[in-house]
Amino acid sequence: MKRNRLVIVMLMAVLVLFAGCASKSDTQYEYSYDTNSLEVPVGDKNGSSVGVKGDQPKVETTTIDPEEAKAEGESGLNDTARKLIRKISIEYETLKFEDSINLVTDELKKAGGYIENSSIRGNAMDKNSSRYAEYVMRIPVEKVDAFIGLAGENMNQVSRNDSSEDVTLEYVDTESELKALEIQQERLLALLEKADKIEDIIALEERLSTVRYKLEQNASIIRTYDNLVEYATVTLSINEVIRITPIEPKGDWDRMTSGFKNTLVNIREGFIEFGIWFVINLPYLLFWGVVVGGAIFIFLKKRRAGNKNKTLSEEMKKDMKEDMKKDMKEETVKQNDNKKEN
């Protein structure tokens with residue numbers, strides 16, 4: 001009986017000894033990373049172990065719910081304004097092309113905008129064709145309406161097209177992903193500080209490089225969205241005209257009156273254009289007039305000479321016929337006289 005008790009006591013002592021050793025080994029950190037499965041998925045915001053296998057030091061992190069982060073971002077945007085990309089396309093007519101161009105460029109500088117693209121066609125020396133300019137401008141949203149209003153006061157607006165694109169959801173999604181990547185970067189940095197094996201350090205640095213690259217990508221997208229939202233894109237077309245297009249009347253009588261006036265104006269402008277064309281091309285007209293007139297004169301002279309020769313030949317033929325008839329009559333008379341004598 002005493003013997004059995006001694007055996008039980010010894011077994012209990014051995015179990016206590018093993019338990020102490022196990023607890024001691026749990027307090028020591030041992031890094032064991034599987035570099036082939038070291039994956040930290042983009043958008044992982046749940047406070048996971050970032051794909052590192054084995055016993056590892058625990059890093060205290062704050063768990064972030066993706067839906068909560070997205071809702072937080074949307075609520076922040078709703079407090080200020082939604083992310084709208086505004087685009088405006090306007091066509092103008094002007095009688096003073098240079099003045100209109102100078103006005104547009106000067107007011108654009110005052111508004112703090114810049115020209116993204118521009119093109120001008122036509123030449124001031126060529127009066128037969130009108131000039132045309134097109135600008136793609138970026139203007140701060142808060143000043144674009146004032147700029148367009150000032151341009152409309154000095155030029156005739158022919159057409160206008162406004163559009164806006166709401167990128168609020170895309171902006172919030174990118175911003176949420178950016179925050180998740182920043183959290184992953186912090187976790188990887190914390191693990192990197194405690195890693196002591198070369199292979200673990202290399203694996204963590206490779207993953208950290210990937211996360212940082214994606215961070216830069218998302219930050220670039222955010223900057224692009226901010227620029228597109230803060231600056232409206234305005235496409236401005238300016239056409240030089242001789243006469244401003246009148247507003248089309250609605251009533252029948254007004255339409256007839258306006259049409260009659262436009263017809264008279266077109267006739268007057270037609271005579272003016274013909275006079276300008278005639279004066280410009282007068283040397284050519286004189287040259288070709290002399291050439292054509294000389295050719296006609298020579299042709300008529302030859303024709304008259306031919307007609308004269310033809311008349312002379314016909315008269316000669318007529319005289320010859322008359323002479324032949326006269327000779328025949330005389331011969332006939334002689335023959336008759338001879339017959340009578342015989």
# chains A, B, ... in the order shown; residues from 1 in each chain; ligands from 1
>>> residues_around(residues="A:Asp162", least_positions_apart="3", cutoff="8 Å", atoms="only C-alpha atoms", output="VMD selection string")
chain A and resid 86 to 89
>>> select_by_dssp(residues="stretch 75-319 of chain A", states="alpha helix (DSSP H)", output="JSON, numbers by chain")
{"A": [75, 76, 77, 78, 79, 80, 97, 98, 99, 100, 101, 102, 103, 104, 105, 106, 107, 108, 109, 110, 141, 142, 143, 144, 145, 146, 147, 148, 149, 150, 151, 152, 153, 154, 168, 169, 170, 171, 172, 173, 174, 175, 176, 177, 178, 179, 180, 181, 182, 183, 184, 185, 186, 187, 188, 189, 190, 191, 192, 193, 194, 198, 199, 200, 201, 202, 203, 204, 205, 206, 207, 208, 209, 210, 211, 212, 213, 214, 215, 216, 217, 218, 219, 220, 221, 222, 223, 224, 225, 226, 227, 228, 229, 230, 252, 253, 254, 255, 256, 257, 258, 259, 260, 261, 262, 263, 264, 265, 266, 267, 268, 269, 270, 271, 272, 273, 274, 275, 276, 277, 278, 279, 280, 282, 283, 284, 285, 286, 287, 288, 289, 290, 291, 292, 293, 294, 295, 296, 297, 298, 299, 300, 301, 302, 303, 304, 305, 306, 307, 308, 309, 310, 311, 312, 313, 314, 315, 316, 317, 318, 319]}
>>> closest_residue(among="A:Gln217, A:Asn154, A:Ser164, A:Asn266", to="A:Leu178", atoms="only C-alpha atoms")
A:Gln217
>>> closest_residue(among="A:Arg243, A:Lys197, A:Lys334, A:Lys179", to="A:Asn218", atoms="only C-alpha atoms")
A:Lys179
>>> atom_distance(atom1="atom CA of A:Gly113", atom2="atom CA of A:Asp99")
19.3 Å
>>> closest_residue(among="A:Met256, A:Ile120, A:Tyr171, A:Arg187", to="A:Ser220", atoms="only C-alpha atoms")
A:Tyr171
>>> atom_distance(atom1="atom CA of A:Thr245", atom2="atom CA of A:Ala133")
17.8 Å
>>> closest_residue(among="A:Met324, A:Ala232, A:Leu95, A:Leu169", to="A:Arg131", atoms="only C-alpha atoms")
A:Leu95
>>> decode(residues="stretch 256-274 of chain A", atoms="N, CA and C atoms", output="short mmCIF file (atom, residue, chain, number, x, y, z; two decimals), in the first residue's frame")
data_model
loop_
_atom_site.label_atom_id
_atom_site.label_comp_id
_atom_site.auth_asym_id
_atom_site.auth_seq_id
_atom_site.Cartn_x
_atom_site.Cartn_y
_atom_site.Cartn_z
N MET A 256 -40.58 85.73 -90.72
CA MET A 256 -40.54 86.30 -92.07
C MET A 256 -39.73 87.59 -92.09
N THR A 257 -39.95 88.45 -91.09
CA THR A 257 -39.21 89.72 -91.03
C THR A 257 -37.71 89.46 -90.89
N SER A 258 -37.37 88.56 -89.98
CA SER A 258 -35.96 88.25 -89.77
C SER A 258 -35.34 87.62 -91.01
N GLY A 259 -36.08 86.72 -91.67
CA GLY A 259 -35.57 86.08 -92.87
C GLY A 259 -35.36 87.07 -94.01
N PHE A 260 -36.31 88.03 -94.16
CA PHE A 260 -36.18 89.05 -95.21
C PHE A 260 -34.96 89.93 -94.97
N LYS A 261 -34.76 90.33 -93.71
CA LYS A 261 -33.60 91.16 -93.37
C LYS A 261 -32.30 90.38 -93.62
N ASN A 262 -32.30 89.12 -93.25
CA ASN A 262 -31.10 88.31 -93.47
C ASN A 262 -30.80 88.15 -94.96
N THR A 263 -31.87 88.04 -95.77
CA THR A 263 -31.67 87.93 -97.22
C THR A 263 -31.04 89.19 -97.78
N LEU A 264 -31.56 90.36 -97.36
CA LEU A 264 -30.98 91.63 -97.82
C LEU A 264 -29.52 91.76 -97.39
N VAL A 265 -29.27 91.36 -96.16
CA VAL A 265 -27.88 91.42 -95.67
C VAL A 265 -26.98 90.50 -96.48
N ASN A 266 -27.48 89.29 -96.79
CA ASN A 266 -26.68 88.35 -97.58
C ASN A 266 -26.42 88.88 -98.99
N ILE A 267 -27.45 89.56 -99.59
CA ILE A 267 -27.26 90.14 -100.93
C ILE A 267 -26.20 91.24 -100.88
N ARG A 268 -26.32 92.10 -99.86
CA ARG A 268 -25.33 93.18 -99.73
C ARG A 268 -23.93 92.61 -99.54
N GLU A 269 -23.81 91.61 -98.66
CA GLU A 269 -22.50 91.00 -98.44
C GLU A 269 -22.00 90.30 -99.70
N GLY A 270 -22.94 89.75 -100.50
CA GLY A 270 -22.55 89.11 -101.75
C GLY A 270 -21.95 90.10 -102.73
N PHE A 271 -22.60 91.29 -102.87
CA PHE A 271 -22.06 92.32 -103.75
C PHE A 271 -20.69 92.80 -103.26
N ILE A 272 -20.58 92.97 -101.94
CA ILE A 272 -19.30 93.41 -101.37
C ILE A 272 -18.21 92.39 -101.66
N GLU A 273 -18.51 91.11 -101.43
CA GLU A 273 -17.53 90.07 -101.68
C GLU A 273 -17.17 89.99 -103.16
N PHE A 274 -18.18 90.19 -104.05
CA PHE A 274 -17.90 90.17 -105.49
C PHE A 274 -16.99 91.34 -105.88
#
